[in-house]
Structure formats: structure tokens, C-alpha cells
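Coordinates as given in coords-v7.cif (mmCIF, C-alpha atoms):
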data_final
#
loop_
_atom_site.label_atom_id
_atom_site.label_comp_id
_atom_site.auth_asym_id
_atom_site.auth_seq_id
_atom_site.Cartn_x
_atom_site.Cartn_y
_atom_site.Cartn_z
CA MET Y 1 -36.37 270.91 128.81
CA ASP Y 2 -39.63 271.61 127.04
CA GLU Y 3 -38.98 268.82 124.57
CA ASP Y 4 -38.38 266.36 127.41
CA GLN Y 5 -41.68 267.23 128.98
CA SER Y 6 -43.72 266.64 125.87
CA ALA Y 7 -41.88 263.36 125.21
CA GLU Y 8 -42.78 262.17 128.71
CA GLU Y 9 -46.40 262.84 128.12
CA THR Y 10 -46.62 260.68 125.05
CA THR Y 11 -44.50 257.64 125.89
CA PHE Y 12 -45.38 254.69 128.02
CA VAL Y 13 -43.63 255.06 131.39
CA VAL Y 14 -43.13 251.63 132.93
CA GLU Y 15 -42.16 252.68 136.47
CA GLU Y 16 -45.16 254.89 136.99
CA ILE Y 17 -47.56 252.24 135.83
CA THR Y 18 -45.90 249.48 137.85
CA THR Y 19 -46.39 251.54 141.00
CA VAL Y 20 -50.05 252.18 140.22
CA ILE Y 21 -50.70 248.48 139.67
CA LYS Y 22 -48.86 247.31 142.80
CA GLU Y 23 -50.92 249.65 144.96
CA THR Y 24 -54.13 248.48 143.36
CA VAL Y 25 -53.37 244.80 143.94
CA GLU Y 26 -52.23 245.41 147.53
CA SER Y 27 -55.37 247.30 148.39
CA THR Y 28 -57.67 244.73 146.77
CA ILE Y 29 -56.17 241.42 147.93
CA GLY Y 30 -53.60 242.39 150.56
CA ASN Y 31 -53.25 239.57 153.08
CA ASN Y 32 -56.39 237.67 152.17
CA SER Y 33 -56.24 233.95 151.43
CA TYR Y 34 -57.58 232.47 148.24
CA GLN Y 35 -61.37 232.37 148.46
CA HIS Y 36 -63.39 231.00 145.59
CA SER Y 37 -66.38 233.18 146.40
CA LYS Y 38 -64.43 236.42 146.31
CA ILE Y 39 -62.15 235.80 143.39
CA ASN Y 40 -64.53 237.21 140.76
CA GLN Y 41 -64.82 240.42 142.71
CA TRP Y 42 -61.05 240.73 143.15
CA THR Y 43 -60.14 240.32 139.51
CA SER Y 44 -62.86 242.77 138.43
CA ASN Y 45 -61.81 245.26 141.06
CA ILE Y 46 -58.17 245.08 140.12
CA VAL Y 47 -58.74 245.66 136.41
CA GLU Y 48 -61.30 248.41 136.95
CA LEU Y 49 -59.31 250.32 139.56
CA SER Y 50 -56.11 250.00 137.54
CA LEU Y 51 -57.83 251.27 134.43
CA SER Y 52 -59.33 254.29 136.18
CA GLN Y 53 -55.97 255.18 137.75
CA LEU Y 54 -54.32 254.91 134.36
CA THR Y 55 -56.87 257.08 132.60
CA LYS Y 56 -56.42 259.67 135.35
CA LEU Y 57 -52.81 260.05 134.20
CA GLY Y 58 -54.33 261.92 131.27
CA LYS Y 59 -51.99 260.61 128.56
CA PRO Y 60 -53.14 260.08 124.95
CA PHE Y 61 -53.24 256.30 125.21
CA LYS Y 62 -55.69 253.43 124.80
CA TYR Y 63 -55.17 250.85 127.58
CA ILE Y 64 -55.71 247.13 128.01
CA VAL Y 65 -55.36 245.68 131.51
CA THR Y 66 -55.44 241.92 132.13
CA CYS Y 67 -55.31 240.21 135.50
CA ILE Y 68 -54.71 236.55 136.36
CA ILE Y 69 -55.22 235.19 139.87
CA LEU Y 70 -53.99 231.70 140.57
CA GLN Y 71 -54.31 229.60 143.71
CA LYS Y 72 -50.98 228.28 144.99
CA ASN Y 73 -51.18 224.53 144.84
CA GLY Y 74 -48.27 223.40 142.74
CA ALA Y 75 -49.86 223.74 139.31
CA GLY Y 76 -47.66 225.08 136.52
CA LEU Y 77 -48.79 228.27 134.80
CA HIS Y 78 -47.20 229.83 131.76
CA THR Y 79 -48.24 233.04 130.02
CA ALA Y 80 -46.88 234.75 126.92
CA SER Y 81 -47.84 237.87 124.94
CA SER Y 82 -47.00 238.99 121.47
CA CYS Y 83 -47.72 242.49 120.20
CA PHE Y 84 -47.93 244.11 116.79
CA TRP Y 85 -47.70 247.87 117.33
CA ASP Y 86 -45.56 250.97 117.05
CA ASN Y 87 -42.36 250.33 119.01
CA SER Y 88 -41.51 253.97 119.47
CA THR Y 89 -44.71 254.96 121.29
CA ASP Y 90 -46.44 251.83 122.61
CA GLY Y 91 -45.41 249.67 125.53
CA SER Y 92 -46.43 247.17 128.16
CA CYS Y 93 -45.56 246.19 131.68
CA THR Y 94 -46.31 243.14 133.78
CA VAL Y 95 -46.47 243.04 137.56
CA ARG Y 96 -46.16 239.73 139.43
CA TRP Y 97 -47.42 239.76 142.99
CA GLU Y 98 -47.91 236.99 145.53
CA ASN Y 99 -48.90 236.29 149.07
CA LYS Y 100 -49.09 233.00 150.99
CA THR Y 101 -51.93 231.46 148.97
CA ILE Y 102 -52.32 233.52 145.79
CA TYR Y 103 -50.31 234.50 142.73
CA CYS Y 104 -51.52 237.58 140.88
CA ILE Y 105 -50.22 238.64 137.48
CA VAL Y 106 -51.34 241.96 136.01
CA SER Y 107 -50.35 243.13 132.50
CA VAL Y 108 -50.92 246.60 131.15
CA PHE Y 109 -50.63 247.40 127.44
CA GLY Y 110 -50.62 251.05 126.35
CA LEU Y 111 -51.17 252.03 122.72
CA ALA Y 112 -50.64 255.60 121.60
CA ILE Y 113 -53.53 257.30 119.93
CA MET K 1 -73.01 242.69 96.29
CA GLU K 2 -71.44 246.04 97.03
CA GLU K 3 -67.67 246.04 97.12
CA TYR K 4 -65.84 247.33 100.16
CA HIS K 5 -64.37 250.74 99.51
CA SER K 6 -61.09 251.55 101.15
CA GLY K 7 -62.69 254.55 102.79
CA ASP K 8 -65.02 252.39 104.90
CA GLU K 9 -64.21 251.92 108.58
CA VAL K 10 -63.10 248.40 109.34
CA SER K 11 -64.11 246.91 112.65
CA PHE K 12 -62.70 243.91 114.42
CA SER K 13 -64.30 240.53 113.72
CA PRO K 14 -64.14 238.39 116.87
CA ASP K 15 -65.40 235.27 115.08
CA GLU K 16 -62.69 235.35 112.47
CA ALA K 17 -60.03 235.90 115.11
CA SER K 18 -61.48 233.11 117.23
CA ASN K 19 -61.09 230.65 114.35
CA VAL K 20 -57.50 231.72 113.73
CA VAL K 21 -56.69 231.19 117.41
CA LYS K 22 -58.36 227.78 117.63
CA GLU K 23 -56.43 226.49 114.63
CA CYS K 24 -53.15 227.76 116.07
CA ILE K 25 -53.73 226.10 119.44
CA GLU K 26 -54.78 222.79 117.91
CA GLY K 27 -51.77 222.81 115.67
CA ILE K 28 -49.34 223.35 118.53
CA ILE K 29 -50.68 221.52 121.59
CA GLY K 30 -53.45 219.47 119.99
CA GLY K 31 -52.77 215.96 121.23
CA VAL K 32 -49.98 216.44 123.78
CA ASP K 33 -49.82 216.26 127.58
CA TYR K 34 -48.56 219.08 129.83
CA SER K 35 -44.77 219.08 129.88
CA GLN K 36 -42.84 221.57 131.99
CA ASN K 37 -39.85 221.79 129.69
CA LYS K 38 -41.94 222.35 126.59
CA VAL K 39 -44.52 224.77 127.87
CA ASN K 40 -42.26 227.81 127.31
CA GLN K 41 -41.95 226.88 123.68
CA TRP K 42 -45.69 226.27 123.32
CA THR K 43 -46.85 229.60 124.68
CA ALA K 44 -44.29 231.45 122.56
CA SER K 45 -45.32 229.54 119.42
CA ILE K 46 -49.01 230.09 120.02
CA VAL K 47 -48.70 233.85 120.39
CA GLU K 48 -46.31 234.21 117.47
CA HIS K 49 -48.32 232.08 115.05
CA THR K 50 -51.57 233.75 116.01
CA LEU K 51 -50.06 237.19 115.57
CA THR K 52 -48.61 236.29 112.16
CA GLN K 53 -51.95 234.96 110.93
CA LEU K 54 -53.80 238.05 112.16
CA VAL K 55 -51.34 240.46 110.57
CA LYS K 56 -51.64 238.54 107.26
CA GLN K 57 -55.28 239.60 107.13
CA GLY K 58 -53.94 243.04 106.26
CA LYS K 59 -56.43 245.04 108.35
CA PRO K 60 -55.42 248.42 109.84
CA PHE K 61 -55.07 247.18 113.42
CA LYS K 62 -52.45 246.94 116.14
CA TYR K 63 -52.71 243.56 117.90
CA ILE K 64 -51.94 242.15 121.32
CA VAL K 65 -52.11 238.37 121.78
CA ASN K 66 -51.94 236.91 125.26
CA CYS K 67 -51.73 233.19 126.05
CA ALA K 68 -51.88 231.35 129.39
CA VAL K 69 -51.29 227.59 129.69
CA MET K 70 -52.08 225.93 132.98
CA GLN K 71 -51.60 222.38 134.20
CA LYS K 72 -54.82 220.69 135.36
CA SER K 73 -54.28 220.06 139.04
CA GLY K 74 -57.33 221.38 140.81
CA ALA K 75 -56.03 224.90 141.37
CA GLY K 76 -58.42 227.78 140.82
CA LEU K 77 -57.54 230.26 138.06
CA HIS K 78 -59.32 233.52 137.34
CA THR K 79 -58.57 236.05 134.62
CA ALA K 80 -60.17 239.43 133.87
CA ASN K 81 -59.56 242.13 131.24
CA SER K 82 -60.52 245.76 131.15
CA CYS K 83 -59.99 248.02 128.13
CA TYR K 84 -60.04 251.76 127.55
CA TRP K 85 -60.43 252.29 123.81
CA ASP K 86 -62.75 253.25 120.97
CA THR K 87 -65.66 250.81 121.22
CA THR K 88 -66.80 251.40 117.63
CA THR K 89 -63.60 250.12 116.03
CA ASP K 90 -61.63 248.16 118.63
CA GLY K 91 -62.40 244.75 120.03
CA SER K 92 -61.18 241.58 121.64
CA CYS K 93 -61.86 237.89 121.72
CA THR K 94 -60.91 235.18 124.18
CA VAL K 95 -60.66 231.47 123.40
CA ARG K 96 -60.69 228.84 126.14
CA TRP K 97 -59.35 225.43 125.17
CA GLU K 98 -58.54 222.30 127.14
CA ASN K 99 -57.37 218.75 126.82
CA ARG K 100 -56.79 215.98 129.36
CA THR K 101 -53.87 217.62 131.17
CA MET K 102 -53.99 221.35 130.56
CA TYR K 103 -56.05 224.48 130.04
CA CYS K 104 -55.15 227.12 127.48
CA VAL K 105 -56.64 230.62 127.43
CA VAL K 106 -55.77 232.94 124.54
CA SER K 107 -56.94 236.57 124.32
CA VAL K 108 -56.61 238.75 121.25
CA PHE K 109 -57.00 242.54 121.49
CA ALA K 110 -57.24 244.61 118.31
CA VAL K 111 -56.89 248.40 118.36
CA ALA K 112 -57.65 250.35 115.18
CA ILE K 113 -54.95 252.50 113.66
CA ALA K 114 -56.16 255.95 112.64
CA LEU K 115 -55.30 256.25 108.98
#

Take the structure from the file and write it as C-alpha cells.
Amino acid sequence: MDEDQSAEETTFVVEEITTVIKETVESTIGNNSYQHSKINQWTSNIVELSLSQLTKLGKPFKYIVTCIILQKNGAGLHTASSCFWDNSTDGSCTVRWENKTIYCIVSVFGLAI
Amino acid sequence: MEEYHSGDEVSFSPDEASNVVKECIEGIIGGVDYSQNKVNQWTASIVEHTLTQLVKQGKPFKYIVNCAVMQKSGAGLHTANSCYWDTTTDGSCTVRWENRTMYCVVSVFAVAIAL
């Protein structure tokens, strides 16, 4: 059991991080409609809050959080990521969220120190 | 000119990475229009080529390359990044590119490996 605990502390746990991110996006955008004047604030808020929640988890990781907010108007958007890292310890997760007028995509990359 | 000794700390060079990225984008979507059935292929090629070129530089870094391609149709798009790392050795660079029918935003993050 002891071994399991220490393994948990040093690997990237996708479920935990997904939950953290979903809450952050909900609390920042929630039901609001796309507003050009607020968008800057929202993206900054989301990445900063997410990052502080992640660092609070206290794991030995460096983090990169990216957030994309897109207005729903029929445009096509495609994103891709490629990573060169240590497969056994590093990981990423992407959360896609939407409401009536906004798509929000948040990616978290965790790299073990 | 002093030679670099292997004991020196290497830090990320955003300008070099920026050039690598620009060449990759130009090479893949240089003169073409947005096409829904090809865009999957384009984003995958851009991130893979960029990553390969960066790794070829042989520096002691882990890399993350992110690419977003968006059709030009008047929609608003906003992206933000936040990073928790060692600011003396790690770094990132973002390249924004466009042509007549699409926008392309590529971000490269480099995290130093402790040797």
C-alpha cells in the first residue's frame, strides 16, 4: 500500500486534473455569452486559477496550462499537440467545455521534475 | 571565441524555435485555402515536423508543441497560457501566422531536463 501511495504522488492523474479544470471554467464563464470586452479577462482567469489549483496539489511537477476560447459562429477550429517527454511520468489532459455561445478548450501538460 | 563547455546551463532560445516553426508552417499550409477534410492532417503534420526539428537540435529539453488552425469567418478566438516552471532555464514561444482563409497559432514550450 505504501508503494501505491508514493506512485500516486509522482504520476500525472488525469481525473483529478480534469475535475479541477471543469470547476475553474464553470466558475469563470458559467452561463455568460461571448463578450469581446471580457474575453481577455476570462482566458487569463482560467489559466491563472487552474495553475494555482494545480500547484496546490503539491506534486513534484512543472505545469503548462493553455486555454482557447472560441465564439460559436460556424468557423472550423482544429488543434493538435505533440510532446517529447518521459512517457512514464509525464502526461496531459484536455477539457472541452461549451455553453450556448462559447467553446472553451483547456489543456494541461504536467512534466515531472 | 570561447567554446561552449558541456557543463554550461543551456537555456531555451525563442528566436531559433520561432524560425523552425515558421518554416514548418510555410512548408505545410503555405499557399493553400482552408479545407475541412485536410485540416486534421495539417495540424498533425505541423506539430510532428516542428517537434522533430526541435529534437534534432540535441538540447537537453522536453518539448510540447501545440497548434491551432482556425477558418477565417469573423469568429473571435482568444488563447492564453500559464506556466509553472523554472524561469531561468525553461521557456516558450508562440508564432501567429495567417493567409487568406485561415489563422494558425503554434506554441512551443521547452522544459529543461535536469542532467

Considering all atoms listed in the file, extract the chain Y residues located within 6 Å of chain K and return them as a ChimeraX atom specification.
/Y:43,47,62-71,73,75-85

Can you write just those residues out, C-alpha atoms, as a PDB file, in the coordinates of the input?
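Produced file again-v9.pdb, reproduced below:
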ATOM      1  CA  THR Y  43     -60.140 240.320 139.510  1.00  0.00           C
ATOM      2  CA  VAL Y  47     -58.740 245.660 136.410  1.00  0.00           C
ATOM      3  CA  LYS Y  62     -55.690 253.430 124.800  1.00  0.00           C
ATOM      4  CA  TYR Y  63     -55.170 250.850 127.580  1.00  0.00           C
ATOM      5  CA  ILE Y  64     -55.710 247.130 128.010  1.00  0.00           C
ATOM      6  CA  VAL Y  65     -55.360 245.680 131.510  1.00  0.00           C
ATOM      7  CA  THR Y  66     -55.440 241.920 132.130  1.00  0.00           C
ATOM      8  CA  CYS Y  67     -55.310 240.210 135.500  1.00  0.00           C
ATOM      9  CA  ILE Y  68     -54.710 236.550 136.360  1.00  0.00           C
ATOM     10  CA  ILE Y  69     -55.220 235.190 139.870  1.00  0.00           C
ATOM     11  CA  LEU Y  70     -53.990 231.700 140.570  1.00  0.00           C
ATOM     12  CA  GLN Y  71     -54.310 229.600 143.710  1.00  0.00           C
ATOM     13  CA  ASN Y  73     -51.180 224.530 144.840  1.00  0.00           C
ATOM     14  CA  ALA Y  75     -49.860 223.740 139.310  1.00  0.00           C
ATOM     15  CA  GLY Y  76     -47.660 225.080 136.520  1.00  0.00           C
ATOM     16  CA  LEU Y  77     -48.790 228.270 134.800  1.00  0.00           C
ATOM     17  CA  HIS Y  78     -47.200 229.830 131.760  1.00  0.00           C
ATOM     18  CA  THR Y  79     -48.240 233.040 130.020  1.00  0.00           C
ATOM     19  CA  ALA Y  80     -46.880 234.750 126.920  1.00  0.00           C
ATOM     20  CA  SER Y  81     -47.840 237.870 124.940  1.00  0.00           C
ATOM     21  CA  SER Y  82     -47.000 238.990 121.470  1.00  0.00           C
ATOM     22  CA  CYS Y  83     -47.720 242.490 120.200  1.00  0.00           C
ATOM     23  CA  PHE Y  84     -47.930 244.110 116.790  1.00  0.00           C
ATOM     24  CA  TRP Y  85     -47.700 247.870 117.330  1.00  0.00           C
TER      25      TRP Y  85
END

Check what the PyMOL selection byres ((chain Y and resi 17) around 12) selects in the file above and give those residues as a ChimeraX atom specification.
/Y:11-16,18-24,50-57,59,63,65,91-95,106-110

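Our summary of the geometry notes that CA of Gly27 in chain K is positioned 12.4 Å from CA of Trp97 in chain K.
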
Between K:Lys22, K:Ser11, K:Lys56, K:Glu16, smallest distance to Arg96 in chain K by only C-alpha atoms belongs to K:Lys22

Using only C-alpha atoms, find the one residue out of Y:Val25, Y:Asn31, Y:Ala112, Y:Leu49 that sits nearest to Asn99 in chain Y.
Y:Asn31

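Between CA of Pro60 in chain Y and CA of Thr89 in chain Y lies a distance of 10.5 Å.
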
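Take CA of Pro60 in chain K and CA of Val10 in chain K: the distance between them is 7.7 Å.
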